[in-house]
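Structure data (mmCIF, C-alpha atoms and all ligand atoms) from start-v2.cif:
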```
data_upload
loop_
_atom_site.label_atom_id
_atom_site.label_comp_id
_atom_site.auth_asym_id
_atom_site.auth_seq_id
_atom_site.Cartn_x
_atom_site.Cartn_y
_atom_site.Cartn_z
CA MET G 177 -9.53 3.65 -60.15
CA SER G 178 -9.15 2.64 -63.80
CA ASP G 179 -8.07 -0.87 -64.76
CA LEU G 180 -4.34 -1.60 -64.80
CA ARG G 181 -3.35 -2.09 -68.45
CA ILE G 182 -1.05 -5.12 -68.62
CA ALA G 183 1.25 -6.31 -71.42
CA VAL G 184 1.86 -10.06 -71.36
CA LEU G 185 5.12 -10.99 -73.09
CA GLY G 186 5.36 -14.61 -74.20
CA VAL G 187 1.95 -16.20 -74.63
CA GLY G 188 2.99 -19.85 -74.46
CA MET G 189 1.81 -22.11 -71.64
CA MET G 190 2.26 -19.70 -68.70
CA GLY G 191 1.58 -16.44 -70.56
CA ALA G 192 -1.65 -17.65 -72.16
CA ASP G 193 -2.72 -18.95 -68.75
CA HIS G 194 -2.08 -15.51 -67.18
CA VAL G 195 -4.01 -13.78 -69.99
CA ALA G 196 -7.01 -16.07 -69.41
CA ARG G 197 -6.71 -15.55 -65.65
CA ILE G 198 -6.67 -11.76 -65.91
CA GLU G 199 -9.60 -11.69 -68.29
CA ALA G 200 -11.74 -14.13 -66.25
CA ARG G 201 -10.84 -13.72 -62.58
CA ILE G 202 -8.62 -10.74 -61.75
CA ALA G 203 -10.25 -7.51 -60.61
CA GLY G 204 -8.85 -4.10 -61.53
CA ALA G 205 -6.79 -5.19 -64.53
CA ARG G 206 -7.08 -6.00 -68.21
CA VAL G 207 -4.68 -7.23 -70.88
CA SER G 208 -4.03 -4.32 -73.25
CA VAL G 209 -1.07 -5.78 -75.17
CA VAL G 210 0.22 -9.26 -75.95
CA ASN G 211 3.55 -10.10 -77.51
CA ASP G 212 5.18 -13.32 -78.65
CA TYR G 213 8.21 -14.32 -80.68
CA VAL G 214 5.66 -16.15 -82.84
CA THR G 215 3.72 -13.08 -83.92
CA GLU G 216 0.68 -14.97 -85.26
CA LYS G 217 0.17 -16.54 -81.82
CA ALA G 218 -0.04 -13.09 -80.22
CA GLU G 219 -2.27 -11.73 -83.00
CA GLN G 220 -4.71 -14.64 -82.69
CA LEU G 221 -4.92 -14.21 -78.93
CA ALA G 222 -5.31 -10.41 -79.13
CA ALA G 223 -8.25 -10.86 -81.50
CA THR G 224 -10.14 -12.72 -78.76
CA ILE G 225 -9.76 -9.95 -76.14
CA PRO G 226 -11.66 -6.65 -76.44
CA GLY G 227 -9.29 -3.67 -76.58
CA CYS G 228 -6.14 -5.81 -76.78
CA ARG G 229 -3.40 -5.25 -79.37
CA ALA G 230 -0.53 -7.51 -80.48
CA ILE G 231 2.83 -5.72 -80.63
CA ALA G 232 5.58 -7.60 -82.46
CA ASP G 233 8.65 -6.26 -80.65
CA PRO G 234 8.84 -7.06 -76.90
CA LEU G 235 10.69 -3.83 -76.09
CA ASP G 236 8.07 -1.78 -77.99
CA ALA G 237 5.39 -3.59 -75.98
CA ILE G 238 7.10 -2.61 -72.71
CA ALA G 239 7.53 1.02 -73.81
CA ASP G 240 3.98 1.39 -75.16
CA ALA G 241 1.98 4.29 -73.67
CA GLY G 242 -1.04 1.98 -73.31
CA VAL G 243 0.85 -0.33 -70.95
CA ASP G 244 1.03 0.33 -67.19
CA ALA G 245 2.66 -2.95 -66.11
CA VAL G 246 4.19 -6.07 -67.62
CA ILE G 247 4.04 -9.82 -67.10
CA LEU G 248 7.11 -11.65 -68.44
CA ALA G 249 6.27 -15.21 -69.41
CA THR G 250 9.00 -15.49 -72.02
CA PRO G 251 11.79 -18.10 -71.74
CA GLY G 252 14.42 -17.38 -69.05
CA PRO G 253 17.24 -16.33 -71.46
CA THR G 254 15.18 -13.31 -72.59
CA HIS G 255 14.36 -12.05 -69.08
CA GLU G 256 17.46 -9.92 -68.43
CA LYS G 257 16.98 -7.64 -71.45
CA GLN G 258 13.23 -7.37 -70.93
CA LEU G 259 13.58 -6.69 -67.18
CA LEU G 260 16.13 -3.95 -67.81
CA ALA G 261 13.73 -2.38 -70.32
CA CYS G 262 10.95 -2.46 -67.70
CA LEU G 263 13.27 -0.66 -65.26
CA GLU G 264 14.26 1.87 -67.93
CA TYR G 265 10.62 2.72 -68.66
CA GLY G 266 9.60 2.56 -64.98
CA LYS G 267 7.07 -0.24 -65.60
CA PRO G 268 6.25 -2.62 -62.73
CA VAL G 269 6.86 -6.21 -63.84
CA MET G 270 5.84 -9.68 -62.69
CA CYS G 271 8.59 -11.94 -64.01
CA GLU G 272 8.02 -15.68 -64.14
CA LYS G 273 10.98 -17.49 -62.60
CA PRO G 274 13.90 -17.46 -63.26
CA LEU G 275 14.84 -13.81 -62.76
CA THR G 276 17.65 -14.42 -65.26
CA THR G 277 19.55 -17.57 -66.19
CA ASP G 278 22.80 -16.90 -64.30
CA VAL G 279 24.01 -15.39 -61.05
CA ALA G 280 25.96 -12.45 -62.48
CA THR G 281 23.09 -11.08 -64.57
CA SER G 282 20.62 -11.63 -61.72
CA LEU G 283 22.86 -9.55 -59.46
CA GLU G 284 23.10 -6.87 -62.15
CA VAL G 285 19.28 -6.67 -62.31
CA VAL G 286 19.11 -6.39 -58.49
CA LYS G 287 21.63 -3.55 -58.55
CA ARG G 288 19.93 -1.68 -61.39
CA GLU G 289 16.57 -1.82 -59.63
CA ALA G 290 18.15 -0.73 -56.33
CA GLU G 291 19.63 2.33 -58.07
CA LEU G 292 16.08 3.40 -59.01
CA GLY G 293 15.10 3.53 -55.34
CA LYS G 294 11.78 1.74 -55.91
CA ARG G 295 10.85 -1.89 -56.25
CA LEU G 296 9.38 -2.63 -59.66
CA ILE G 297 10.22 -6.33 -60.01
CA GLN G 298 8.26 -9.23 -58.54
CA VAL G 299 9.34 -12.82 -59.26
CA GLY G 300 6.84 -15.60 -59.91
CA PHE G 301 7.51 -18.02 -57.07
CA MET G 302 3.83 -18.85 -56.75
CA ARG G 303 4.06 -21.34 -53.89
CA ARG G 304 4.24 -18.40 -51.47
CA PHE G 305 0.59 -17.69 -52.41
CA ASP G 306 -0.66 -21.25 -51.92
CA GLN G 307 -3.04 -21.66 -48.97
CA GLU G 308 -1.19 -24.67 -47.53
CA TYR G 309 2.23 -23.00 -47.68
CA ALA G 310 0.74 -19.84 -46.17
CA ALA G 311 -0.74 -21.92 -43.31
CA LEU G 312 2.61 -23.63 -42.71
CA LYS G 313 4.37 -20.26 -42.69
CA ALA G 314 1.84 -18.95 -40.15
CA LEU G 315 2.43 -21.98 -37.88
CA ILE G 316 6.17 -21.29 -37.94
CA ASP G 317 5.82 -17.53 -37.48
CA ASN G 318 3.37 -18.03 -34.57
CA ASP G 319 5.94 -20.32 -32.89
CA GLU G 320 3.52 -23.25 -32.85
CA LEU G 321 6.24 -25.70 -33.93
CA GLY G 322 8.96 -24.08 -31.85
CA ARG G 323 12.17 -23.29 -33.68
CA PRO G 324 12.18 -25.20 -36.99
CA LEU G 325 15.14 -27.57 -37.28
CA VAL G 326 14.58 -29.80 -40.29
CA MET G 327 12.46 -29.84 -43.45
CA HIS G 328 11.71 -32.86 -45.67
CA CYS G 329 10.34 -32.23 -49.15
CA ALA G 330 9.23 -34.34 -52.10
CA HIS G 331 8.77 -32.83 -55.57
CA ARG G 332 7.52 -35.35 -58.11
CA ASN G 333 6.29 -34.86 -61.66
CA PRO G 334 4.79 -37.53 -63.88
CA GLU G 335 6.93 -36.41 -66.82
CA VAL G 336 9.05 -33.59 -68.23
CA PRO G 337 9.58 -32.29 -71.80
CA PRO G 338 12.06 -34.26 -73.96
CA ASN G 339 14.76 -31.54 -73.78
CA PHE G 340 14.89 -31.61 -69.96
CA ASP G 341 18.43 -32.34 -68.72
CA SER G 342 19.85 -33.09 -65.28
CA SER G 343 20.80 -29.48 -64.51
CA MET G 344 17.24 -28.36 -65.37
CA ILE G 345 15.98 -30.58 -62.55
CA VAL G 346 17.96 -28.25 -60.28
CA LYS G 347 17.24 -24.93 -62.04
CA ASP G 348 13.59 -25.48 -63.04
CA SER G 349 12.22 -27.95 -60.46
CA LEU G 350 14.33 -27.78 -57.28
CA VAL G 351 14.33 -23.96 -57.54
CA HIS G 352 10.81 -23.99 -56.06
CA GLU G 353 12.05 -25.76 -52.89
CA VAL G 354 14.92 -23.25 -52.79
CA ASP G 355 12.39 -20.44 -52.60
CA VAL G 356 10.13 -22.36 -50.18
CA THR G 357 13.08 -22.87 -47.82
CA ARG G 358 14.01 -19.17 -47.88
CA PHE G 359 10.31 -18.18 -47.51
CA LEU G 360 9.46 -20.50 -44.63
CA PHE G 361 12.71 -20.11 -42.69
CA GLY G 362 13.44 -16.46 -43.53
CA GLU G 363 17.15 -17.06 -43.98
CA GLU G 364 19.61 -17.83 -46.75
CA ILE G 365 20.75 -21.27 -47.88
CA THR G 366 24.51 -21.53 -47.43
CA SER G 367 25.38 -24.90 -48.98
CA VAL G 368 23.90 -27.46 -51.35
CA GLN G 369 24.70 -31.07 -52.03
CA ILE G 370 23.08 -33.13 -54.77
CA ILE G 371 23.11 -36.91 -54.26
CA LYS G 372 22.51 -39.12 -57.29
CA PRO G 373 20.62 -42.35 -56.53
CA ALA G 374 20.28 -45.08 -59.16
CA ALA G 375 18.51 -43.45 -62.11
CA ASN G 376 14.93 -44.34 -62.98
CA PRO G 377 15.14 -46.80 -65.91
CA ASN G 378 12.03 -45.12 -67.36
CA ALA G 379 13.78 -41.73 -67.50
CA PRO G 380 15.24 -40.57 -70.83
CA GLU G 381 18.82 -41.73 -71.47
CA GLY G 382 21.34 -39.65 -69.50
CA LEU G 383 18.82 -37.90 -67.23
CA GLN G 384 19.89 -38.12 -63.57
CA ASP G 385 16.47 -38.67 -62.05
CA PRO G 386 15.70 -38.83 -59.15
CA GLN G 387 18.03 -36.43 -57.34
CA ILE G 388 18.28 -35.84 -53.59
CA ALA G 389 19.21 -32.29 -52.60
CA ILE G 390 20.48 -31.34 -49.15
CA PHE G 391 20.50 -27.68 -48.12
CA GLN G 392 22.08 -26.18 -45.07
CA THR G 393 20.84 -22.75 -43.99
CA ALA G 394 22.67 -19.87 -42.34
CA SER G 395 21.52 -20.91 -38.84
CA GLY G 396 22.29 -24.60 -39.47
CA LYS G 397 18.84 -25.92 -40.40
CA HIS G 398 18.77 -29.06 -42.58
CA VAL G 399 16.51 -29.45 -45.63
CA ASP G 400 16.31 -32.55 -47.81
CA VAL G 401 14.41 -32.70 -51.08
CA GLU G 402 13.63 -35.69 -53.26
CA VAL G 403 13.15 -34.39 -56.80
CA PHE G 404 11.81 -37.09 -59.12
CA VAL G 405 10.43 -35.76 -62.39
CA THR G 406 9.69 -38.92 -64.40
CA THR G 407 7.52 -40.93 -61.99
CA GLY G 408 4.87 -41.56 -64.61
CA VAL G 409 2.26 -41.18 -61.85
CA ALA G 410 1.23 -37.73 -60.63
CA TYR G 411 2.27 -34.26 -59.50
CA GLU G 412 3.18 -34.58 -55.83
CA VAL G 413 4.62 -31.73 -53.76
CA ARG G 414 4.99 -32.49 -50.05
CA THR G 415 6.66 -30.43 -47.40
CA GLU G 416 7.16 -31.40 -43.75
CA VAL G 417 8.69 -29.04 -41.22
CA VAL G 418 10.02 -30.49 -37.97
CA GLY G 419 10.50 -28.08 -35.08
CA GLU G 420 11.42 -28.19 -31.41
CA LYS G 421 7.76 -28.51 -30.38
CA GLY G 422 6.23 -30.51 -33.21
CA SER G 423 5.94 -31.08 -36.93
CA ALA G 424 3.53 -30.20 -39.72
CA MET G 425 3.11 -31.53 -43.23
CA ILE G 426 1.36 -30.17 -46.31
CA GLY G 427 0.72 -31.56 -49.79
CA LEU G 428 -1.06 -34.79 -48.89
CA ASP G 429 -4.09 -33.95 -51.04
CA VAL G 430 -6.19 -35.06 -48.06
CA GLY G 431 -9.03 -32.91 -49.29
CA LEU G 432 -9.40 -35.39 -52.13
CA LEU G 433 -9.53 -38.58 -50.06
CA ARG G 434 -12.74 -40.49 -50.76
CA LYS G 435 -14.32 -43.92 -50.72
CA SER G 436 -14.91 -45.35 -54.18
CA ALA G 437 -15.64 -48.61 -55.92
CA PRO G 438 -16.45 -51.62 -53.69
CA GLY G 439 -13.50 -52.52 -51.52
CA HIS G 440 -11.45 -49.40 -52.36
CA TRP G 441 -10.72 -46.08 -50.79
CA GLY G 442 -8.47 -43.35 -52.05
CA GLY G 443 -8.26 -40.04 -53.77
CA GLN G 444 -7.78 -38.41 -57.09
CA ILE G 445 -4.40 -37.93 -58.67
CA THR G 446 -3.23 -34.33 -59.14
CA PRO G 447 -1.99 -34.46 -62.74
CA SER G 448 0.18 -31.33 -62.88
CA PHE G 449 1.25 -28.08 -61.22
CA LYS G 450 -1.68 -26.30 -62.87
CA GLU G 451 -4.24 -28.17 -60.75
CA ARG G 452 -2.11 -28.06 -57.58
CA PHE G 453 -1.19 -24.38 -57.78
CA GLY G 454 -3.95 -22.88 -59.99
CA LEU G 455 -5.48 -20.94 -57.12
CA ALA G 456 -2.02 -19.78 -55.97
CA TYR G 457 -1.45 -18.17 -59.40
CA ASP G 458 -4.78 -16.35 -59.09
CA VAL G 459 -3.85 -15.01 -55.65
CA GLU G 460 -0.33 -14.12 -56.85
CA ILE G 461 -1.60 -12.05 -59.79
CA GLN G 462 -4.46 -10.39 -57.87
CA ARG G 463 -2.14 -9.30 -55.06
CA TRP G 464 0.43 -8.05 -57.59
CA VAL G 465 -2.25 -6.02 -59.42
CA ASN G 466 -3.40 -4.53 -56.11
CA ALA G 467 0.20 -3.67 -55.14
CA VAL G 468 0.92 -2.03 -58.49
CA GLN G 469 -2.31 -0.01 -58.25
CA ALA G 470 -1.26 1.11 -54.75
CA GLY G 471 2.36 1.71 -55.76
CA ASP G 472 1.78 5.11 -57.31
CA ALA G 473 0.59 6.30 -53.89
CA GLY G 474 4.08 5.67 -52.54
CA GLY G 475 4.20 1.93 -51.78
CA ASP G 476 6.25 -0.80 -53.40
CA TYR G 477 4.96 -2.10 -56.70
CA THR G 478 5.30 -5.64 -55.35
CA ASP G 479 3.60 -7.97 -52.89
CA GLY G 480 5.65 -11.13 -52.90
CA PRO G 481 9.12 -12.33 -53.85
CA VAL G 482 11.37 -9.57 -55.18
CA ALA G 483 14.46 -9.38 -57.40
CA TRP G 484 16.71 -10.32 -54.45
CA ASP G 485 14.78 -13.58 -54.07
CA GLY G 486 15.40 -14.31 -57.76
CA TYR G 487 19.11 -13.61 -57.32
CA ALA G 488 19.35 -15.80 -54.20
CA ALA G 489 17.58 -18.64 -56.01
CA ALA G 490 20.02 -18.33 -58.93
CA ALA G 491 23.01 -18.47 -56.56
CA VAL G 492 21.68 -21.57 -54.76
CA CYS G 493 20.90 -23.30 -58.06
CA ALA G 494 24.41 -22.53 -59.38
CA ALA G 495 25.82 -24.27 -56.29
CA GLY G 496 23.39 -27.14 -56.92
CA VAL G 497 24.55 -27.56 -60.52
CA ALA G 498 28.19 -27.56 -59.36
CA SER G 499 27.35 -30.24 -56.78
CA LEU G 500 25.56 -32.29 -59.45
CA GLU G 501 28.98 -32.47 -61.14
CA SER G 502 31.15 -33.08 -58.07
CA GLY G 503 28.77 -34.89 -55.72
CA GLN G 504 30.20 -32.79 -52.89
CA PRO G 505 28.52 -30.08 -50.78
CA VAL G 506 29.07 -26.71 -52.50
CA ALA G 507 28.98 -23.39 -50.65
CA VAL G 508 26.53 -20.81 -52.04
CA ASP G 509 28.44 -17.79 -53.33
CA MET G 510 26.33 -14.64 -52.70
CA VAL G 511 27.01 -11.01 -51.91
CA SER G 512 25.46 -9.77 -48.68
CA ARG G 513 22.05 -8.11 -49.07
CA ALA G 514 23.14 -5.24 -46.85
CA SER G 515 25.90 -4.40 -49.35
CA ILE G 516 23.27 -3.25 -51.90
CA LYS G 517 21.23 -0.35 -50.55
CA GLY G 518 17.56 -0.87 -51.48
CA ALA G 519 17.92 -4.56 -52.46
N1 LIG G 601 5.95 -20.53 -61.84
C1 LIG G 601 5.87 -21.70 -62.42
O1 LIG G 601 5.45 -22.65 -61.83
C2 LIG G 601 6.29 -21.88 -63.85
C3 LIG G 601 5.86 -23.01 -64.55
C4 LIG G 601 6.24 -23.13 -65.89
C5 LIG G 601 7.02 -22.17 -66.47
N2 LIG G 601 7.44 -21.09 -65.75
C6 LIG G 601 8.29 -20.06 -66.35
O2 LIG G 601 7.48 -19.30 -67.25
C7 LIG G 601 8.25 -18.88 -68.38
C8 LIG G 601 7.58 -19.36 -69.65
O3 LIG G 601 7.49 -20.76 -69.61
P1 LIG G 601 6.43 -21.57 -70.50
O4 LIG G 601 6.42 -22.93 -69.95
O5 LIG G 601 5.16 -20.80 -70.62
O6 LIG G 601 7.18 -21.59 -71.91
P2 LIG G 601 6.53 -21.70 -73.37
O7 LIG G 601 7.62 -22.17 -74.25
O8 LIG G 601 5.27 -22.48 -73.33
O9 LIG G 601 6.15 -20.19 -73.75
C9 LIG G 601 7.11 -19.21 -73.98
C10 LIG G 601 6.55 -18.29 -75.08
O10 LIG G 601 7.46 -17.18 -75.24
C11 LIG G 601 7.64 -16.97 -76.64
N3 LIG G 601 8.94 -16.29 -76.81
C12 LIG G 601 10.17 -16.84 -76.94
N4 LIG G 601 11.11 -15.86 -77.00
C13 LIG G 601 10.45 -14.69 -76.90
C14 LIG G 601 10.87 -13.32 -76.89
N5 LIG G 601 12.16 -12.99 -76.99
N6 LIG G 601 9.91 -12.36 -76.77
C15 LIG G 601 8.59 -12.69 -76.68
N7 LIG G 601 8.15 -13.97 -76.69
C16 LIG G 601 9.06 -14.96 -76.77
C17 LIG G 601 7.54 -18.35 -77.27
O11 LIG G 601 7.17 -18.26 -78.66
C18 LIG G 601 6.43 -18.98 -76.43
O12 LIG G 601 5.14 -18.72 -76.97
C19 LIG G 601 9.66 -19.44 -68.15
O13 LIG G 601 10.46 -18.46 -67.54
C20 LIG G 601 9.42 -20.59 -67.19
O14 LIG G 601 10.54 -20.90 -66.38
C21 LIG G 601 7.06 -20.93 -64.46
#
```
Show me the file's structure as structure tokens.
Ligand SMILES: NC(=O)c1ccc[n+]([C@@H]2O[C@H](COP(=O)([O-])OP(=O)(O)OC[C@H]3O[C@@H](n4cnc5c(N)ncnc54)[C@H](O)[C@@H]3O)[C@@H](O)[C@H]2O)c1
Amino acid sequence: MSDLRIAVLGVGMMGADHVARIEARIAGARVSVVNDYVTEKAEQLAATIPGCRAIADPLDAIADAGVDAVILATPGPTHEKQLLACLEYGKPVMCEKPLTTDVATSLEVVKREAELGKRLIQVGFMRRFDQEYAALKALIDNDELGRPLVMHCAHRNPEVPPNFDSSMIVKDSLVHEVDVTRFLFGEEITSVQIIKPAANPNAPEGLQDPQIAIFQTASGKHVDVEVFVTTGVAYEVRTEVVGEKGSAMIGLDVGLLRKSAPGHWGGQITPSFKERFGLAYDVEIQRWVNAVQAGDAGGDYTDGPVAWDGYAAAAVCAAGVASLESGQPVAVDMVSRASIKGA
């Protein structure tokens, strides 16, 4: 089988990382086209990859005959148009989260894909490919914890970019726990409440940080998440599931615990999501490449979260942003999945 020829759109932090990953570690694929709003950035990167071209217009890059599949690592507001172009040209696409930036356009993308009768869109919720999350999911699915009842999560970042506002903590950070909840429990989140503790004095002026999110799921499970993105310390993502027969926790970095200087013991700090989830991105992209290669033989062109998962995440985050304003629990407003054939 010949290598899958991938166009990477947006070669900023995530896109450049995916290009490097495909070139160094992914089997059965190569980057044939790169595109960026800043054309020189794409041209410079293309020059370092044998057989790779820079194409200035993102829609031309998607349509190009030398492109079999697309990775979207452009900013969220551009995703809708670029996803619809991928559907129009029948190109499988791995779209970094978010699917789109609002609920209505996410639903539109879900419907347009469903009309095609084949799944072309995968969404980049990479935690599903992390070994620890996969192990936790297996424990739950094998009934080793009994029926899960409660989940406690912590999501801490040392810092965020200067433009980060309080709603972005919901839409860009908490969104990962939204997907984790849906992935681990296999059901929808039905309401969200955001509680606002005293703000960190070290956070930028006006940023509500930390935030405590409380989700309720369709069967009544409770999830609480502490999101704290200006700790100044480390990247910490912990998840504890409590079931009828026991509990399990991941994200303790126990693999890094060690004895060190005289009189001390401890571990190494995980500085950012790149170190914590680097391997998960590799697995995510390799499995996507394999699924796209197999798709022409009649399978789905996805192996992971699909457009519906992106829509559901958008709907939950919209409820979260509304609760950030009101402080009250807000019901998640979603259409039923069964109402869209093929979603
Ligand atoms: N899965 C994750 O953990 C994770 C982490 C970070 C970012 N992301 C997502 O990845 C995407 C990219 O984020 P990033 O942090 O790499 O951003 P970034 O700003 O570093 O890179 C975005 C790049 O896209 C380019 N660009 C802007 N508009 C464009 C357009 N219309 N067409 C082509 N290129 C365009 C910019 O010039 C820039 O080079 C976002 O959707 C973000 O939410 C996901």
Practice prompt. For atom CA of G:Ala424 and atom CA of G:Leu321, quote the distance in Å rounded to one decimal.
Written response: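 Value for the atom CA of G:Ala424-atom CA of G:Leu321 distance: 7.8 Å.
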Discussion item. Around ligand LIG 601 (chain G), out to 10 Å and counting only C-alpha atoms and all ligand atoms, which residues are there? I want them as a PyMOL selection string.
Written reply: chain G and resi 184-194+210-218+231-235+237+248-255+257-258+271-277+299-303+347-349+351-352+449-450+453-454+456-457
Create the file for the chosen residues now, containing C-alpha atoms and written as a PDB file, in the frame of the given file.
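Result file is part.pdb:
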```pdb
ATOM      1  CA  VAL G 184       1.860 -10.060 -71.360  1.00  0.00           C
ATOM      2  CA  LEU G 185       5.120 -10.990 -73.090  1.00  0.00           C
ATOM      3  CA  GLY G 186       5.360 -14.610 -74.200  1.00  0.00           C
ATOM      4  CA  VAL G 187       1.950 -16.200 -74.630  1.00  0.00           C
ATOM      5  CA  GLY G 188       2.990 -19.850 -74.460  1.00  0.00           C
ATOM      6  CA  MET G 189       1.810 -22.110 -71.640  1.00  0.00           C
ATOM      7  CA  MET G 190       2.260 -19.700 -68.700  1.00  0.00           C
ATOM      8  CA  GLY G 191       1.580 -16.440 -70.560  1.00  0.00           C
ATOM      9  CA  ALA G 192      -1.650 -17.650 -72.160  1.00  0.00           C
ATOM     10  CA  ASP G 193      -2.720 -18.950 -68.750  1.00  0.00           C
ATOM     11  CA  HIS G 194      -2.080 -15.510 -67.180  1.00  0.00           C
ATOM     12  CA  VAL G 210       0.220  -9.260 -75.950  1.00  0.00           C
ATOM     13  CA  ASN G 211       3.550 -10.100 -77.510  1.00  0.00           C
ATOM     14  CA  ASP G 212       5.180 -13.320 -78.650  1.00  0.00           C
ATOM     15  CA  TYR G 213       8.210 -14.320 -80.680  1.00  0.00           C
ATOM     16  CA  VAL G 214       5.660 -16.150 -82.840  1.00  0.00           C
ATOM     17  CA  THR G 215       3.720 -13.080 -83.920  1.00  0.00           C
ATOM     18  CA  GLU G 216       0.680 -14.970 -85.260  1.00  0.00           C
ATOM     19  CA  LYS G 217       0.170 -16.540 -81.820  1.00  0.00           C
ATOM     20  CA  ALA G 218      -0.040 -13.090 -80.220  1.00  0.00           C
ATOM     21  CA  ILE G 231       2.830  -5.720 -80.630  1.00  0.00           C
ATOM     22  CA  ALA G 232       5.580  -7.600 -82.460  1.00  0.00           C
ATOM     23  CA  ASP G 233       8.650  -6.260 -80.650  1.00  0.00           C
ATOM     24  CA  PRO G 234       8.840  -7.060 -76.900  1.00  0.00           C
ATOM     25  CA  LEU G 235      10.690  -3.830 -76.090  1.00  0.00           C
ATOM     26  CA  ALA G 237       5.390  -3.590 -75.980  1.00  0.00           C
ATOM     27  CA  LEU G 248       7.110 -11.650 -68.440  1.00  0.00           C
ATOM     28  CA  ALA G 249       6.270 -15.210 -69.410  1.00  0.00           C
ATOM     29  CA  THR G 250       9.000 -15.490 -72.020  1.00  0.00           C
ATOM     30  CA  PRO G 251      11.790 -18.100 -71.740  1.00  0.00           C
ATOM     31  CA  GLY G 252      14.420 -17.380 -69.050  1.00  0.00           C
ATOM     32  CA  PRO G 253      17.240 -16.330 -71.460  1.00  0.00           C
ATOM     33  CA  THR G 254      15.180 -13.310 -72.590  1.00  0.00           C
ATOM     34  CA  HIS G 255      14.360 -12.050 -69.080  1.00  0.00           C
ATOM     35  CA  LYS G 257      16.980  -7.640 -71.450  1.00  0.00           C
ATOM     36  CA  GLN G 258      13.230  -7.370 -70.930  1.00  0.00           C
ATOM     37  CA  CYS G 271       8.590 -11.940 -64.010  1.00  0.00           C
ATOM     38  CA  GLU G 272       8.020 -15.680 -64.140  1.00  0.00           C
ATOM     39  CA  LYS G 273      10.980 -17.490 -62.600  1.00  0.00           C
ATOM     40  CA  PRO G 274      13.900 -17.460 -63.260  1.00  0.00           C
ATOM     41  CA  LEU G 275      14.840 -13.810 -62.760  1.00  0.00           C
ATOM     42  CA  THR G 276      17.650 -14.420 -65.260  1.00  0.00           C
ATOM     43  CA  THR G 277      19.550 -17.570 -66.190  1.00  0.00           C
ATOM     44  CA  VAL G 299       9.340 -12.820 -59.260  1.00  0.00           C
ATOM     45  CA  GLY G 300       6.840 -15.600 -59.910  1.00  0.00           C
ATOM     46  CA  PHE G 301       7.510 -18.020 -57.070  1.00  0.00           C
ATOM     47  CA  MET G 302       3.830 -18.850 -56.750  1.00  0.00           C
ATOM     48  CA  ARG G 303       4.060 -21.340 -53.890  1.00  0.00           C
ATOM     49  CA  LYS G 347      17.240 -24.930 -62.040  1.00  0.00           C
ATOM     50  CA  ASP G 348      13.590 -25.480 -63.040  1.00  0.00           C
ATOM     51  CA  SER G 349      12.220 -27.950 -60.460  1.00  0.00           C
ATOM     52  CA  VAL G 351      14.330 -23.960 -57.540  1.00  0.00           C
ATOM     53  CA  HIS G 352      10.810 -23.990 -56.060  1.00  0.00           C
ATOM     54  CA  PHE G 449       1.250 -28.080 -61.220  1.00  0.00           C
ATOM     55  CA  LYS G 450      -1.680 -26.300 -62.870  1.00  0.00           C
ATOM     56  CA  PHE G 453      -1.190 -24.380 -57.780  1.00  0.00           C
ATOM     57  CA  GLY G 454      -3.950 -22.880 -59.990  1.00  0.00           C
ATOM     58  CA  ALA G 456      -2.020 -19.780 -55.970  1.00  0.00           C
ATOM     59  CA  TYR G 457      -1.450 -18.170 -59.400  1.00  0.00           C
TER      60      TYR G 457
END
```
Worksheet entry | Coordinates-based distance that separates atom CA of G:Glu381 from atom CA of G:Val497 (Å, one decimal) |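 Straight-line distance from atom CA of G:Val497 to atom CA of G:Glu381 works out to 18.8 Å.
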Worksheet item: Distance atom CA of G:Arg414-atom CA of G:Asn378, one decimal place?
Response: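 So the answer is 22.6 Å.
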Item to complete: Have a look at G:Glu199, G:Glu291, G:Asp278, G:Gln392 and name the one nearest to G:Gly518; count all atoms listed in the file.
Response: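 Residue with the minimum atom-to-atom distance to G:Gly518: G:Glu291.
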Item to complete: Choose the residue, out of G:Val401, G:Ala491, G:Ala310, G:Val417, that has the smallest atom-to-atom separation from G:Ser512; count all atoms listed in the file.
Response: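 That would be G:Ala491, the residue with the smallest distance to G:Ser512.
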Fill in: Minimum-distance residue to G:Pro337, chosen among G:Ile297, G:Ala389, G:Val405, G:Cys228 (using all atoms listed in the file)
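Closest residue, counting all atoms listed in the file: G:Val405.
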Worksheet item: Between G:Cys262, G:Val368, G:Gly480, G:Ile390, which one has atoms that come closest to G:Ala467, using only C-alpha atoms?
Response: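 Of G:Cys262, G:Val368, G:Gly480, G:Ile390, the one nearest G:Ala467, counting only C-alpha atoms, is G:Gly480.
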Fill in: Selection: 12 Å around G:Gly475, all atoms listed in the file, excl. self and same-chain fewer than 3 positions, as a ChimeraX atom specification
/G:293-296,466-472,478-479
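Comparing the minimum interatomic distances between G:Glu353 and each of G:Glu256, G:Asp341, G:Asp385, G:Asp400, counting all atoms listed in the file, we find that G:Asp400 sits nearest.
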Discussion item. Which polymer residues, whether protein, DNA or RNA, lie within 8 Å of the coordinate (2.3, -40.1, -63.4) when you count all atoms listed in the file? List them as a VMD selection string, using the chain letters and numbers from the file.
Written reply: chain G and resid 333 to 335 406 to 411 447
Worksheet item: G:Asp429, G:Glu289, G:Glu460, G:Glu420: which is nearest G:Glu320, counting only C-alpha atoms?
Response: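 Once distances to G:Glu320 are computed over only C-alpha atoms, the minimum belongs to G:Glu420.
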Worksheet entry | Neighbour list for G:Ser342 as a PyMOL selection string, cut-off 8 Å, only C-alpha atoms, skip fewer than 2 positions in-chain | chain G and resi 340+344-346+382-385
